[in-house]
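Text of upload.pdb (PDB, C-alpha atoms) as supplied:
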ATOM      1  CA  MET E   1      86.524  59.941 100.693  1.00  0.00           C
ATOM      2  CA  THR E   2      85.705  60.194  97.013  1.00  0.00           C
ATOM      3  CA  PHE E   3      85.935  63.743  95.742  1.00  0.00           C
ATOM      4  CA  ASP E   4      82.919  65.446  94.214  1.00  0.00           C
ATOM      5  CA  PRO E   5      83.616  68.862  92.600  1.00  0.00           C
ATOM      6  CA  ALA E   6      80.104  69.960  93.618  1.00  0.00           C
ATOM      7  CA  SER E   7      81.189  69.671  97.268  1.00  0.00           C
ATOM      8  CA  LEU E   8      83.404  72.745  96.849  1.00  0.00           C
ATOM      9  CA  LYS E   9      82.114  76.154  97.868  1.00  0.00           C
ATOM     10  CA  PHE E  10      81.545  78.357  94.857  1.00  0.00           C
ATOM     11  CA  ASP E  11      80.854  82.081  95.071  1.00  0.00           C
ATOM     12  CA  ALA E  12      77.667  83.895  94.008  1.00  0.00           C
ATOM     13  CA  ASN E  13      78.799  83.573  90.388  1.00  0.00           C
ATOM     14  CA  GLY E  14      79.416  79.846  90.745  1.00  0.00           C
ATOM     15  CA  LEU E  15      83.191  80.293  90.702  1.00  0.00           C
ATOM     16  CA  ILE E  16      86.144  79.298  92.868  1.00  0.00           C
ATOM     17  CA  PRO E  17      89.640  80.834  92.734  1.00  0.00           C
ATOM     18  CA  ALA E  18      92.396  78.465  91.586  1.00  0.00           C
ATOM     19  CA  ILE E  19      96.071  79.204  92.208  1.00  0.00           C
ATOM     20  CA  ALA E  20      98.588  77.708  89.764  1.00  0.00           C
ATOM     21  CA  GLN E  21     101.978  76.939  91.310  1.00  0.00           C
ATOM     22  CA  ASP E  22     104.977  75.531  89.444  1.00  0.00           C
ATOM     23  CA  ALA E  23     105.297  71.993  90.823  1.00  0.00           C
ATOM     24  CA  ALA E  24     109.058  71.989  90.435  1.00  0.00           C
ATOM     25  CA  SER E  25     110.150  75.483  91.520  1.00  0.00           C
ATOM     26  CA  GLY E  26     107.273  76.458  93.805  1.00  0.00           C
ATOM     27  CA  GLU E  27     106.815  79.732  91.932  1.00  0.00           C
ATOM     28  CA  VAL E  28     103.244  81.022  92.012  1.00  0.00           C
ATOM     29  CA  LEU E  29     102.358  81.642  88.373  1.00  0.00           C
ATOM     30  CA  MET E  30      98.781  82.923  88.295  1.00  0.00           C
ATOM     31  CA  LEU E  31      95.319  82.864  89.792  1.00  0.00           C
ATOM     32  CA  ALA E  32      92.220  82.301  87.693  1.00  0.00           C
ATOM     33  CA  TRP E  33      88.692  81.013  88.222  1.00  0.00           C
ATOM     34  CA  MET E  34      86.846  77.738  87.744  1.00  0.00           C
ATOM     35  CA  ASN E  35      83.243  76.673  87.818  1.00  0.00           C
ATOM     36  CA  VAL E  36      82.241  73.167  88.846  1.00  0.00           C
ATOM     37  CA  GLU E  37      82.567  71.842  85.295  1.00  0.00           C
ATOM     38  CA  ALA E  38      86.031  73.381  84.847  1.00  0.00           C
ATOM     39  CA  VAL E  39      87.189  71.614  88.021  1.00  0.00           C
ATOM     40  CA  ALA E  40      85.804  68.324  86.719  1.00  0.00           C
ATOM     41  CA  ARG E  41      87.387  68.757  83.281  1.00  0.00           C
ATOM     42  CA  THR E  42      90.763  69.676  84.787  1.00  0.00           C
ATOM     43  CA  LEU E  43      90.770  66.542  86.931  1.00  0.00           C
ATOM     44  CA  GLU E  44      89.536  64.358  84.082  1.00  0.00           C
ATOM     45  CA  THR E  45      91.909  65.581  81.392  1.00  0.00           C
ATOM     46  CA  GLY E  46      94.932  66.687  83.425  1.00  0.00           C
ATOM     47  CA  ARG E  47      94.888  69.859  81.334  1.00  0.00           C
ATOM     48  CA  VAL E  48      94.140  72.901  83.456  1.00  0.00           C
ATOM     49  CA  THR E  49      90.833  74.401  82.335  1.00  0.00           C
ATOM     50  CA  TYR E  50      89.541  77.670  83.752  1.00  0.00           C
ATOM     51  CA  TRP E  51      86.324  79.603  83.308  1.00  0.00           C
ATOM     52  CA  SER E  52      87.003  82.893  81.577  1.00  0.00           C
ATOM     53  CA  ARG E  53      84.990  85.591  83.299  1.00  0.00           C
ATOM     54  CA  SER E  54      85.564  88.074  80.477  1.00  0.00           C
ATOM     55  CA  ARG E  55      84.622  85.684  77.692  1.00  0.00           C
ATOM     56  CA  GLN E  56      82.126  83.663  79.750  1.00  0.00           C
ATOM     57  CA  SER E  57      83.455  80.416  78.335  1.00  0.00           C
ATOM     58  CA  PHE E  58      85.780  77.557  79.194  1.00  0.00           C
ATOM     59  CA  TRP E  59      89.440  78.411  78.836  1.00  0.00           C
ATOM     60  CA  VAL E  60      91.706  75.445  78.264  1.00  0.00           C
ATOM     61  CA  LYS E  61      94.944  77.128  79.243  1.00  0.00           C
ATOM     62  CA  GLY E  62      97.373  77.170  76.319  1.00  0.00           C
ATOM     63  CA  GLU E  63      94.863  75.929  73.743  1.00  0.00           C
ATOM     64  CA  THR E  64      95.726  78.785  71.395  1.00  0.00           C
ATOM     65  CA  SER E  65      99.108  79.896  72.779  1.00  0.00           C
ATOM     66  CA  GLY E  66     100.572  76.456  73.373  1.00  0.00           C
ATOM     67  CA  HIS E  67     101.404  77.509  76.923  1.00  0.00           C
ATOM     68  CA  VAL E  68      99.572  74.599  78.470  1.00  0.00           C
ATOM     69  CA  GLN E  69      99.386  73.692  82.131  1.00  0.00           C
ATOM     70  CA  ARG E  70      99.536  70.017  83.043  1.00  0.00           C
ATOM     71  CA  LEU E  71      98.036  69.209  86.406  1.00  0.00           C
ATOM     72  CA  VAL E  72     100.367  67.415  88.797  1.00  0.00           C
ATOM     73  CA  GLU E  73      98.139  67.658  91.879  1.00  0.00           C
ATOM     74  CA  MET E  74      95.054  69.575  92.922  1.00  0.00           C
ATOM     75  CA  ARG E  75      94.610  70.607  96.554  1.00  0.00           C
ATOM     76  CA  LEU E  76      91.773  72.354  98.340  1.00  0.00           C
ATOM     77  CA  ASP E  77      91.796  74.544 101.394  1.00  0.00           C
ATOM     78  CA  CYS E  78      90.168  74.091 104.799  1.00  0.00           C
ATOM     79  CA  ASP E  79      87.120  76.131 103.792  1.00  0.00           C
ATOM     80  CA  ARG E  80      86.762  74.301 100.460  1.00  0.00           C
ATOM     81  CA  ASP E  81      86.539  77.674  98.736  1.00  0.00           C
ATOM     82  CA  CYS E  82      89.963  77.876  97.106  1.00  0.00           C
ATOM     83  CA  LEU E  83      92.060  75.500  94.995  1.00  0.00           C
ATOM     84  CA  LEU E  84      95.831  75.165  94.763  1.00  0.00           C
ATOM     85  CA  MET E  85      97.135  73.395  91.693  1.00  0.00           C
ATOM     86  CA  LEU E  86     100.667  72.114  91.361  1.00  0.00           C
ATOM     87  CA  ILE E  87     101.335  72.211  87.649  1.00  0.00           C
ATOM     88  CA  GLU E  88     103.869  71.871  84.896  1.00  0.00           C
ATOM     89  CA  GLN E  89     103.826  75.074  82.874  1.00  0.00           C
ATOM     90  CA  GLU E  90     104.848  75.117  79.228  1.00  0.00           C
ATOM     91  CA  GLY E  91     106.580  78.470  78.596  1.00  0.00           C
ATOM     92  CA  PRO E  92     105.113  81.625  80.108  1.00  0.00           C
ATOM     93  CA  ALA E  93     101.934  81.523  82.197  1.00  0.00           C
ATOM     94  CA  CYS E  94     101.221  85.232  81.680  1.00  0.00           C
ATOM     95  CA  HIS E  95      99.673  86.751  78.555  1.00  0.00           C
ATOM     96  CA  THR E  96     102.497  89.332  78.676  1.00  0.00           C
ATOM     97  CA  ASN E  97     104.880  86.452  77.942  1.00  0.00           C
ATOM     98  CA  ARG E  98     106.351  86.499  81.421  1.00  0.00           C
ATOM     99  CA  ARG E  99     106.738  83.284  83.347  1.00  0.00           C
ATOM    100  CA  SER E 100     104.461  84.501  86.157  1.00  0.00           C
ATOM    101  CA  CYS E 101     101.587  86.994  86.235  1.00  0.00           C
ATOM    102  CA  PHE E 102     103.024  88.315  89.520  1.00  0.00           C
ATOM    103  CA  TYR E 103     105.915  90.210  87.929  1.00  0.00           C
ATOM    104  CA  THR E 104     105.257  93.500  89.707  1.00  0.00           C
ATOM    105  CA  ALA E 105     106.654  93.943  93.211  1.00  0.00           C
ATOM    106  CA  LEU E 106     106.065  96.813  95.599  1.00  0.00           C
ATOM    107  CA  ARG E 107     109.403  98.073  96.831  1.00  0.00           C
ATOM    108  CA  GLU E 108     109.808 101.236  98.859  1.00  0.00           C
ATOM    109  CA  GLY E 109     106.309 102.317  97.893  1.00  0.00           C
ATOM    110  CA  ALA E 110     106.871 101.932  94.162  1.00  0.00           C
ATOM    111  CA  GLU E 111     105.919  99.364  91.518  1.00  0.00           C
ATOM    112  CA  VAL E 112     108.962  97.504  90.218  1.00  0.00           C
ATOM    113  CA  GLU E 113     108.916  94.958  87.391  1.00  0.00           C
ATOM    114  CA  ILE E 114     110.951  91.972  88.522  1.00  0.00           C
ATOM    115  CA  GLN E 115     110.537  89.715  85.477  1.00  0.00           C
ATOM    116  CA  VAL E 116     111.092  90.311  81.783  1.00  0.00           C
ATOM    117  CA  PRO E 117     109.119  88.641  78.983  1.00  0.00           C
ATOM    118  CA  MET E 118     110.505  85.265  77.940  1.00  0.00           C
ATOM    119  CA  GLY E 119     112.501  85.148  74.716  1.00  0.00           C
TER     120      GLY E 119
ATOM    121  CA  MET K   1     105.686 104.604  89.780  1.00  0.00           C
ATOM    122  CA  THR K   2     104.336 105.224  93.265  1.00  0.00           C
ATOM    123  CA  PHE K   3     101.849 102.592  94.331  1.00  0.00           C
ATOM    124  CA  ASP K   4      98.295 103.565  95.227  1.00  0.00           C
ATOM    125  CA  PRO K   5      96.164 100.728  96.703  1.00  0.00           C
ATOM    126  CA  ALA K   6      93.104 102.299  95.069  1.00  0.00           C
ATOM    127  CA  SER K   7      94.650 101.517  91.662  1.00  0.00           C
ATOM    128  CA  LEU K   8      94.017  97.808  92.231  1.00  0.00           C
ATOM    129  CA  LYS K   9      90.903  96.178  90.804  1.00  0.00           C
ATOM    130  CA  PHE K  10      88.503  95.177  93.536  1.00  0.00           C
ATOM    131  CA  ASP K  11      85.464  92.971  92.969  1.00  0.00           C
ATOM    132  CA  ALA K  12      81.799  93.930  93.381  1.00  0.00           C
ATOM    133  CA  ASN K  13      82.240  93.609  97.159  1.00  0.00           C
ATOM    134  CA  GLY K  14      85.313  95.852  97.145  1.00  0.00           C
ATOM    135  CA  LEU K  15      87.647  92.916  97.768  1.00  0.00           C
ATOM    136  CA  ILE K  16      90.767  91.450  96.166  1.00  0.00           C
ATOM    137  CA  PRO K  17      92.142  87.938  96.764  1.00  0.00           C
ATOM    138  CA  ALA K  18      95.536  87.809  98.491  1.00  0.00           C
ATOM    139  CA  ILE K  19      97.715  84.693  98.423  1.00  0.00           C
ATOM    140  CA  ALA K  20     100.127  84.195 101.329  1.00  0.00           C
ATOM    141  CA  GLN K  21     103.297  82.296 100.410  1.00  0.00           C
ATOM    142  CA  ASP K  22     106.076  81.364 102.801  1.00  0.00           C
ATOM    143  CA  ALA K  23     108.976  83.583 101.729  1.00  0.00           C
ATOM    144  CA  ALA K  24     111.573  81.005 102.719  1.00  0.00           C
ATOM    145  CA  SER K  25     110.089  77.673 101.596  1.00  0.00           C
ATOM    146  CA  GLY K  26     107.761  78.816  98.809  1.00  0.00           C
ATOM    147  CA  GLU K  27     104.872  76.902 100.375  1.00  0.00           C
ATOM    148  CA  VAL K  28     101.462  78.442  99.644  1.00  0.00           C
ATOM    149  CA  LEU K  29      99.835  78.840 103.045  1.00  0.00           C
ATOM    150  CA  MET K  30      96.426  80.410 102.463  1.00  0.00           C
ATOM    151  CA  LEU K  31      94.265  82.745 100.446  1.00  0.00           C
ATOM    152  CA  ALA K  32      92.146  85.429 102.054  1.00  0.00           C
ATOM    153  CA  TRP K  33      90.637  88.762 101.040  1.00  0.00           C
ATOM    154  CA  MET K  34      91.537  92.424 101.427  1.00  0.00           C
ATOM    155  CA  ASN K  35      89.737  95.677 100.841  1.00  0.00           C
ATOM    156  CA  VAL K  36      91.627  98.825  99.904  1.00  0.00           C
ATOM    157  CA  GLU K  37      92.206  99.790 103.539  1.00  0.00           C
ATOM    158  CA  ALA K  38      93.504  96.306 104.436  1.00  0.00           C
ATOM    159  CA  VAL K  39      96.059  96.567 101.609  1.00  0.00           C
ATOM    160  CA  ALA K  40      97.153  99.983 102.877  1.00  0.00           C
ATOM    161  CA  ARG K  41      97.413  98.799 106.494  1.00  0.00           C
ATOM    162  CA  THR K  42      99.390  95.711 105.500  1.00  0.00           C
ATOM    163  CA  LEU K  43     101.909  97.813 103.592  1.00  0.00           C
ATOM    164  CA  GLU K  44     102.104 100.413 106.339  1.00  0.00           C
ATOM    165  CA  THR K  45     102.486  98.082 109.292  1.00  0.00           C
ATOM    166  CA  GLY K  46     104.163  95.058 107.701  1.00  0.00           C
ATOM    167  CA  ARG K  47     101.616  92.936 109.554  1.00  0.00           C
ATOM    168  CA  VAL K  48      99.325  91.132 107.140  1.00  0.00           C
ATOM    169  CA  THR K  49      95.776  92.414 107.612  1.00  0.00           C
ATOM    170  CA  TYR K  50      92.825  90.861 105.796  1.00  0.00           C
ATOM    171  CA  TRP K  51      89.153  91.731 105.593  1.00  0.00           C
ATOM    172  CA  SER K  52      87.079  89.004 107.195  1.00  0.00           C
ATOM    173  CA  ARG K  53      84.054  88.363 105.000  1.00  0.00           C
ATOM    174  CA  SER K  54      82.295  86.351 107.718  1.00  0.00           C
ATOM    175  CA  ARG K  55      82.847  88.909 110.474  1.00  0.00           C
ATOM    176  CA  GLN K  56      82.828  91.947 108.170  1.00  0.00           C
ATOM    177  CA  SER K  57      85.780  93.448 109.987  1.00  0.00           C
ATOM    178  CA  PHE K  58      89.538  93.841 109.686  1.00  0.00           C
ATOM    179  CA  TRP K  59      91.459  90.719 110.571  1.00  0.00           C
ATOM    180  CA  VAL K  60      95.020  91.328 111.699  1.00  0.00           C
ATOM    181  CA  LYS K  61      96.292  87.806 111.146  1.00  0.00           C
ATOM    182  CA  GLY K  62      97.504  86.301 114.410  1.00  0.00           C
ATOM    183  CA  GLU K  63      96.182  89.087 116.630  1.00  0.00           C
ATOM    184  CA  THR K  64      94.437  86.605 118.893  1.00  0.00           C
ATOM    185  CA  SER K  65      96.268  83.352 117.998  1.00  0.00           C
ATOM    186  CA  GLY K  66      99.780  84.778 117.870  1.00  0.00           C
ATOM    187  CA  HIS K  67     100.207  83.212 114.449  1.00  0.00           C
ATOM    188  CA  VAL K  68     101.175  86.476 112.813  1.00  0.00           C
ATOM    189  CA  GLN K  69     102.255  87.019 109.234  1.00  0.00           C
ATOM    190  CA  ARG K  70     105.050  89.482 108.601  1.00  0.00           C
ATOM    191  CA  LEU K  71     105.097  90.901 105.102  1.00  0.00           C
ATOM    192  CA  VAL K  72     108.352  90.420 103.234  1.00  0.00           C
ATOM    193  CA  GLU K  73     107.116  91.587  99.830  1.00  0.00           C
ATOM    194  CA  MET K  74     103.787  92.279  98.169  1.00  0.00           C
ATOM    195  CA  ARG K  75     103.345  91.600  94.467  1.00  0.00           C
ATOM    196  CA  LEU K  76     100.419  92.189  92.129  1.00  0.00           C
ATOM    197  CA  ASP K  77      99.406  90.409  88.986  1.00  0.00           C
ATOM    198  CA  CYS K  78      99.111  91.632  85.405  1.00  0.00           C
ATOM    199  CA  ASP K  79      95.394  92.357  85.774  1.00  0.00           C
ATOM    200  CA  ARG K  80      95.881  94.133  89.115  1.00  0.00           C
ATOM    201  CA  ASP K  81      93.108  91.973  90.553  1.00  0.00           C
ATOM    202  CA  CYS K  82      95.114  89.566  92.701  1.00  0.00           C
ATOM    203  CA  LEU K  83      97.902  89.945  95.273  1.00  0.00           C
ATOM    204  CA  LEU K  84     100.749  87.602  96.129  1.00  0.00           C
ATOM    205  CA  MET K  85     102.409  88.168  99.481  1.00  0.00           C
ATOM    206  CA  LEU K  86     105.717  86.674 100.455  1.00  0.00           C
ATOM    207  CA  ILE K  87     105.535  86.378 104.207  1.00  0.00           C
ATOM    208  CA  GLU K  88     107.117  85.046 107.355  1.00  0.00           C
ATOM    209  CA  GLN K  89     104.543  82.904 109.119  1.00  0.00           C
ATOM    210  CA  GLU K  90     104.643  82.399 112.878  1.00  0.00           C
ATOM    211  CA  GLY K  91     103.446  78.836 113.567  1.00  0.00           C
ATOM    212  CA  PRO K  92     100.466  77.481 111.627  1.00  0.00           C
ATOM    213  CA  ALA K  93      98.633  79.618 109.068  1.00  0.00           C
ATOM    214  CA  CYS K  94      95.486  77.476 109.225  1.00  0.00           C
ATOM    215  CA  HIS K  95      92.838  77.666 111.952  1.00  0.00           C
ATOM    216  CA  THR K  96      93.051  73.842 112.126  1.00  0.00           C
ATOM    217  CA  ASN K  97      96.598  74.318 113.416  1.00  0.00           C
ATOM    218  CA  ARG K  98      98.168  73.039 110.217  1.00  0.00           C
ATOM    219  CA  ARG K  99     100.976  74.945 108.607  1.00  0.00           C
ATOM    220  CA  SER K 100      98.973  75.480 105.391  1.00  0.00           C
ATOM    221  CA  CYS K 101      95.257  75.666 104.681  1.00  0.00           C
ATOM    222  CA  PHE K 102      95.873  73.495 101.587  1.00  0.00           C
ATOM    223  CA  TYR K 103      96.345  70.258 103.499  1.00  0.00           C
ATOM    224  CA  THR K 104      93.880  68.229 101.429  1.00  0.00           C
ATOM    225  CA  ALA K 105      95.125  66.713  98.168  1.00  0.00           C
ATOM    226  CA  LEU K 106      93.111  64.903  95.533  1.00  0.00           C
ATOM    227  CA  ARG K 107      94.793  61.603  94.773  1.00  0.00           C
ATOM    228  CA  GLU K 108      93.190  58.905  92.626  1.00  0.00           C
ATOM    229  CA  GLY K 109      89.837  60.612  92.975  1.00  0.00           C
ATOM    230  CA  ALA K 110      89.903  60.753  96.753  1.00  0.00           C
ATOM    231  CA  GLU K 111      90.593  63.424  99.366  1.00  0.00           C
ATOM    232  CA  VAL K 112      93.799  62.744 101.251  1.00  0.00           C
ATOM    233  CA  GLU K 113      95.088  64.785 104.200  1.00  0.00           C
ATOM    234  CA  ILE K 114      98.767  65.458 103.607  1.00  0.00           C
ATOM    235  CA  GLN K 115      99.532  67.562 106.688  1.00  0.00           C
ATOM    236  CA  VAL K 116      98.908  67.002 110.376  1.00  0.00           C
ATOM    237  CA  PRO K 117      98.237  69.731 112.929  1.00  0.00           C
ATOM    238  CA  MET K 118     101.392  71.270 114.404  1.00  0.00           C
ATOM    239  CA  GLY K 119     102.357  70.170 117.900  1.00  0.00           C
TER     240      GLY K 119
END
Will you turn the file into structure tokens for me?
Amino acid sequence: MTFDPASLKFDANGLIPAIAQDAASGEVLMLAWMNVEAVARTLETGRVTYWSRSRQSFWVKGETSGHVQRLVEMRLDCDRDCLLMLIEQEGPACHTNRRSCFYTALREGAEVEIQVPMG
Amino acid sequence: MTFDPASLKFDANGLIPAIAQDAASGEVLMLAWMNVEAVARTLETGRVTYWSRSRQSFWVKGETSGHVQRLVEMRLDCDRDCLLMLIEQEGPACHTNRRSCFYTALREGAEVEIQVPMG
């Protein structure tokens, strides 16, 4: 079945959550949002492109920072309302310079930072 | 710093996306939603509890199916608006009886099922 990005289920704002997972290590790096055109561009270019909710514009990941994400494979879930992307991440995925945005763990009721910024 | 679920950033519907990842294999199994009380219950009980948007009620994962999710560790992202849960999954995570909800891959422009239902 040929894939049509418009067949995904977008929320009231026309967005779908997209999880970026390191294709090699399996580490979950971040979650951001895409609209239908961002999904199409990501598939077309192989460069992960989100929709920035704060800036209300396309966000080609790494365009300014160099920390690009190359798409290895896109997957969708059973409800067609979430995407999982296996990617190759150049450098840190997080704007804090950490590899993953999920660097804070809850341990014994407290927030613990489990990753340091990359050198 | 002691963690307060109310310090997370919830969307206009009072919800936050929560990714469930197999703690042992690293496989991403599903994404569902939590409100502040679901986060608190999950941390308190160690049984992953979502908020069902379709039923508008708490959803203790596996309560009827037996396919429970035991929380190993909860993590939050840099923006405090997404959760990553490392879990132990009993049986399939997906209602289609597949291990993961992300069983559809996009390959050469087509949808390909890459997982079969569990026996």
Taking all atoms listed in the file into account, find every residue of chain K that has an atom no more than 6 Å from chain E, and write it out as a short mmCIF file (atom, residue, chain, number, x, y, z; two decimals) with C-alpha atoms, keeping the file's coordinate frame.
data_model
loop_
_atom_site.label_atom_id
_atom_site.label_comp_id
_atom_site.auth_asym_id
_atom_site.auth_seq_id
_atom_site.Cartn_x
_atom_site.Cartn_y
_atom_site.Cartn_z
CA MET K 1 105.69 104.60 89.78
CA THR K 2 104.34 105.22 93.26
CA PHE K 3 101.85 102.59 94.33
CA GLY K 26 107.76 78.82 98.81
CA MET K 74 103.79 92.28 98.17
CA ARG K 75 103.34 91.60 94.47
CA LEU K 76 100.42 92.19 92.13
CA ASP K 77 99.41 90.41 88.99
CA CYS K 78 99.11 91.63 85.40
CA CYS K 101 95.26 75.67 104.68
CA PHE K 102 95.87 73.50 101.59
CA THR K 104 93.88 68.23 101.43
CA ALA K 105 95.12 66.71 98.17
CA LEU K 106 93.11 64.90 95.53
CA GLY K 109 89.84 60.61 92.98
CA ALA K 110 89.90 60.75 96.75
CA GLU K 111 90.59 63.42 99.37
#
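Nearest to Val72 (chain K) of all the residues K:Ala12, K:Ala23, K:Thr42, K:Trp59 is K:Ala23, counting all atoms listed in the file.
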Non-local contacts of Glu88 (chain K) (9 Å; only C-alpha atoms; under 2 positions in same chain excluded) as a PDB file with C-alpha atoms, in the coordinates of the input:
ATOM      1  CA  GLN K  21     103.297  82.296 100.410  1.00  0.00           C
ATOM      2  CA  ASP K  22     106.076  81.364 102.801  1.00  0.00           C
ATOM      3  CA  ALA K  23     108.976  83.583 101.729  1.00  0.00           C
ATOM      4  CA  ALA K  24     111.573  81.005 102.719  1.00  0.00           C
ATOM      5  CA  VAL K  68     101.175  86.476 112.813  1.00  0.00           C
ATOM      6  CA  GLN K  69     102.255  87.019 109.234  1.00  0.00           C
ATOM      7  CA  ARG K  70     105.050  89.482 108.601  1.00  0.00           C
ATOM      8  CA  LEU K  71     105.097  90.901 105.102  1.00  0.00           C
ATOM      9  CA  VAL K  72     108.352  90.420 103.234  1.00  0.00           C
ATOM     10  CA  LEU K  86     105.717  86.674 100.455  1.00  0.00           C
ATOM     11  CA  GLU K  90     104.643  82.399 112.878  1.00  0.00           C
TER      12      GLU K  90
END
Reference answer for the PyMOL selection byres ((chain K and resi 15) around 9), as an MDAnalysis selection string
chainID K and resid 9:14 16:17 33:36 51
Could you superpose chain K on chain E by least squares over every Cα, matched in sequence order, and send it back as a short mmCIF file (atom, residue, chain, number, x, y, z; two decimals) with C-alpha atoms, keeping the file's coordinate frame?
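part_26.cif written:
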data_model
loop_
_atom_site.label_atom_id
_atom_site.label_comp_id
_atom_site.auth_asym_id
_atom_site.auth_seq_id
_atom_site.Cartn_x
_atom_site.Cartn_y
_atom_site.Cartn_z
CA MET K 1 86.52 59.94 100.70
CA THR K 2 85.69 60.20 97.01
CA PHE K 3 85.94 63.74 95.73
CA ASP K 4 82.91 65.45 94.21
CA PRO K 5 83.61 68.86 92.60
CA ALA K 6 80.10 69.96 93.62
CA SER K 7 81.19 69.67 97.28
CA LEU K 8 83.40 72.74 96.86
CA LYS K 9 82.11 76.16 97.87
CA PHE K 10 81.55 78.36 94.86
CA ASP K 11 80.85 82.09 95.07
CA ALA K 12 77.67 83.91 94.02
CA ASN K 13 78.81 83.59 90.39
CA GLY K 14 79.41 79.85 90.75
CA LEU K 15 83.19 80.31 90.70
CA ILE K 16 86.14 79.30 92.87
CA PRO K 17 89.64 80.84 92.73
CA ALA K 18 92.39 78.47 91.59
CA ILE K 19 96.07 79.21 92.20
CA ALA K 20 98.58 77.71 89.76
CA GLN K 21 101.98 76.94 91.30
CA ASP K 22 104.96 75.53 89.45
CA ALA K 23 105.29 71.99 90.82
CA ALA K 24 109.07 71.99 90.43
CA SER K 25 110.15 75.48 91.52
CA GLY K 26 107.27 76.45 93.82
CA GLU K 27 106.81 79.73 91.94
CA VAL K 28 103.23 81.03 92.01
CA LEU K 29 102.35 81.65 88.37
CA MET K 30 98.78 82.91 88.30
CA LEU K 31 95.32 82.86 89.79
CA ALA K 32 92.22 82.30 87.69
CA TRP K 33 88.69 81.01 88.23
CA MET K 34 86.85 77.73 87.75
CA ASN K 35 83.24 76.67 87.83
CA VAL K 36 82.24 73.16 88.85
CA GLU K 37 82.57 71.83 85.30
CA ALA K 38 86.03 73.38 84.85
CA VAL K 39 87.20 71.61 88.03
CA ALA K 40 85.81 68.31 86.73
CA ARG K 41 87.39 68.75 83.29
CA THR K 42 90.76 69.67 84.78
CA LEU K 43 90.77 66.54 86.93
CA GLU K 44 89.55 64.35 84.09
CA THR K 45 91.90 65.57 81.39
CA GLY K 46 94.92 66.69 83.42
CA ARG K 47 94.90 69.86 81.33
CA VAL K 48 94.14 72.90 83.46
CA THR K 49 90.84 74.40 82.34
CA TYR K 50 89.54 77.68 83.76
CA TRP K 51 86.32 79.61 83.31
CA SER K 52 87.01 82.90 81.58
CA ARG K 53 84.97 85.60 83.30
CA SER K 54 85.56 88.08 80.47
CA ARG K 55 84.62 85.68 77.68
CA GLN K 56 82.14 83.66 79.75
CA SER K 57 83.47 80.42 78.33
CA PHE K 58 85.79 77.56 79.20
CA TRP K 59 89.44 78.41 78.84
CA VAL K 60 91.71 75.44 78.26
CA LYS K 61 94.95 77.13 79.24
CA GLY K 62 97.37 77.16 76.32
CA GLU K 63 94.87 75.93 73.74
CA THR K 64 95.72 78.77 71.39
CA SER K 65 99.12 79.90 72.78
CA GLY K 66 100.58 76.45 73.38
CA HIS K 67 101.42 77.50 76.92
CA VAL K 68 99.58 74.59 78.47
CA GLN K 69 99.39 73.69 82.13
CA ARG K 70 99.55 70.03 83.04
CA LEU K 71 98.04 69.20 86.40
CA VAL K 72 100.36 67.41 88.80
CA GLU K 73 98.14 67.65 91.87
CA MET K 74 95.05 69.57 92.93
CA ARG K 75 94.62 70.60 96.55
CA LEU K 76 91.78 72.35 98.35
CA ASP K 77 91.79 74.54 101.40
CA CYS K 78 90.16 74.10 104.80
CA ASP K 79 87.11 76.12 103.79
CA ARG K 80 86.76 74.29 100.46
CA ASP K 81 86.53 77.67 98.74
CA CYS K 82 89.95 77.87 97.11
CA LEU K 83 92.06 75.51 94.99
CA LEU K 84 95.83 75.16 94.76
CA MET K 85 97.14 73.39 91.69
CA LEU K 86 100.66 72.11 91.36
CA ILE K 87 101.34 72.21 87.65
CA GLU K 88 103.88 71.86 84.89
CA GLN K 89 103.83 75.07 82.88
CA GLU K 90 104.85 75.12 79.23
CA GLY K 91 106.59 78.47 78.59
CA PRO K 92 105.11 81.63 80.11
CA ALA K 93 101.94 81.53 82.20
CA CYS K 94 101.23 85.23 81.68
CA HIS K 95 99.67 86.75 78.56
CA THR K 96 102.49 89.34 78.67
CA ASN K 97 104.87 86.46 77.93
CA ARG K 98 106.35 86.50 81.42
CA ARG K 99 106.74 83.29 83.33
CA SER K 100 104.45 84.51 86.14
CA CYS K 101 101.59 86.99 86.24
CA PHE K 102 103.03 88.32 89.52
CA TYR K 103 105.91 90.20 87.93
CA THR K 104 105.25 93.50 89.70
CA ALA K 105 106.65 93.94 93.21
CA LEU K 106 106.06 96.81 95.60
CA ARG K 107 109.41 98.06 96.84
CA GLU K 108 109.81 101.25 98.87
CA GLY K 109 106.32 102.32 97.88
CA ALA K 110 106.87 101.93 94.16
CA GLU K 111 105.93 99.36 91.52
CA VAL K 112 108.96 97.51 90.22
CA GLU K 113 108.93 94.96 87.39
CA ILE K 114 110.95 91.97 88.52
CA GLN K 115 110.53 89.73 85.47
CA VAL K 116 111.07 90.32 81.78
CA PRO K 117 109.12 88.66 78.98
CA MET K 118 110.51 85.27 77.93
CA GLY K 119 112.51 85.17 74.71
#
May I ask for the distance between CA of Thr49 (chain E) and CA of Met118 (chain E), given in Å to one decimal place?
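Computing it gives 22.9 Å between the two atoms.
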Would you give the centre and edge lengths, in Å to one decimal, of a box along x, y and z around the listed atoms of region 53-62 of chain E, with 5 Å added to each side, as AutoDock Vina command-line options?
--center_x 89.7 --center_y 81.8 --center_z 79.8 --size_x 25.2 --size_y 22.6 --size_z 17.0
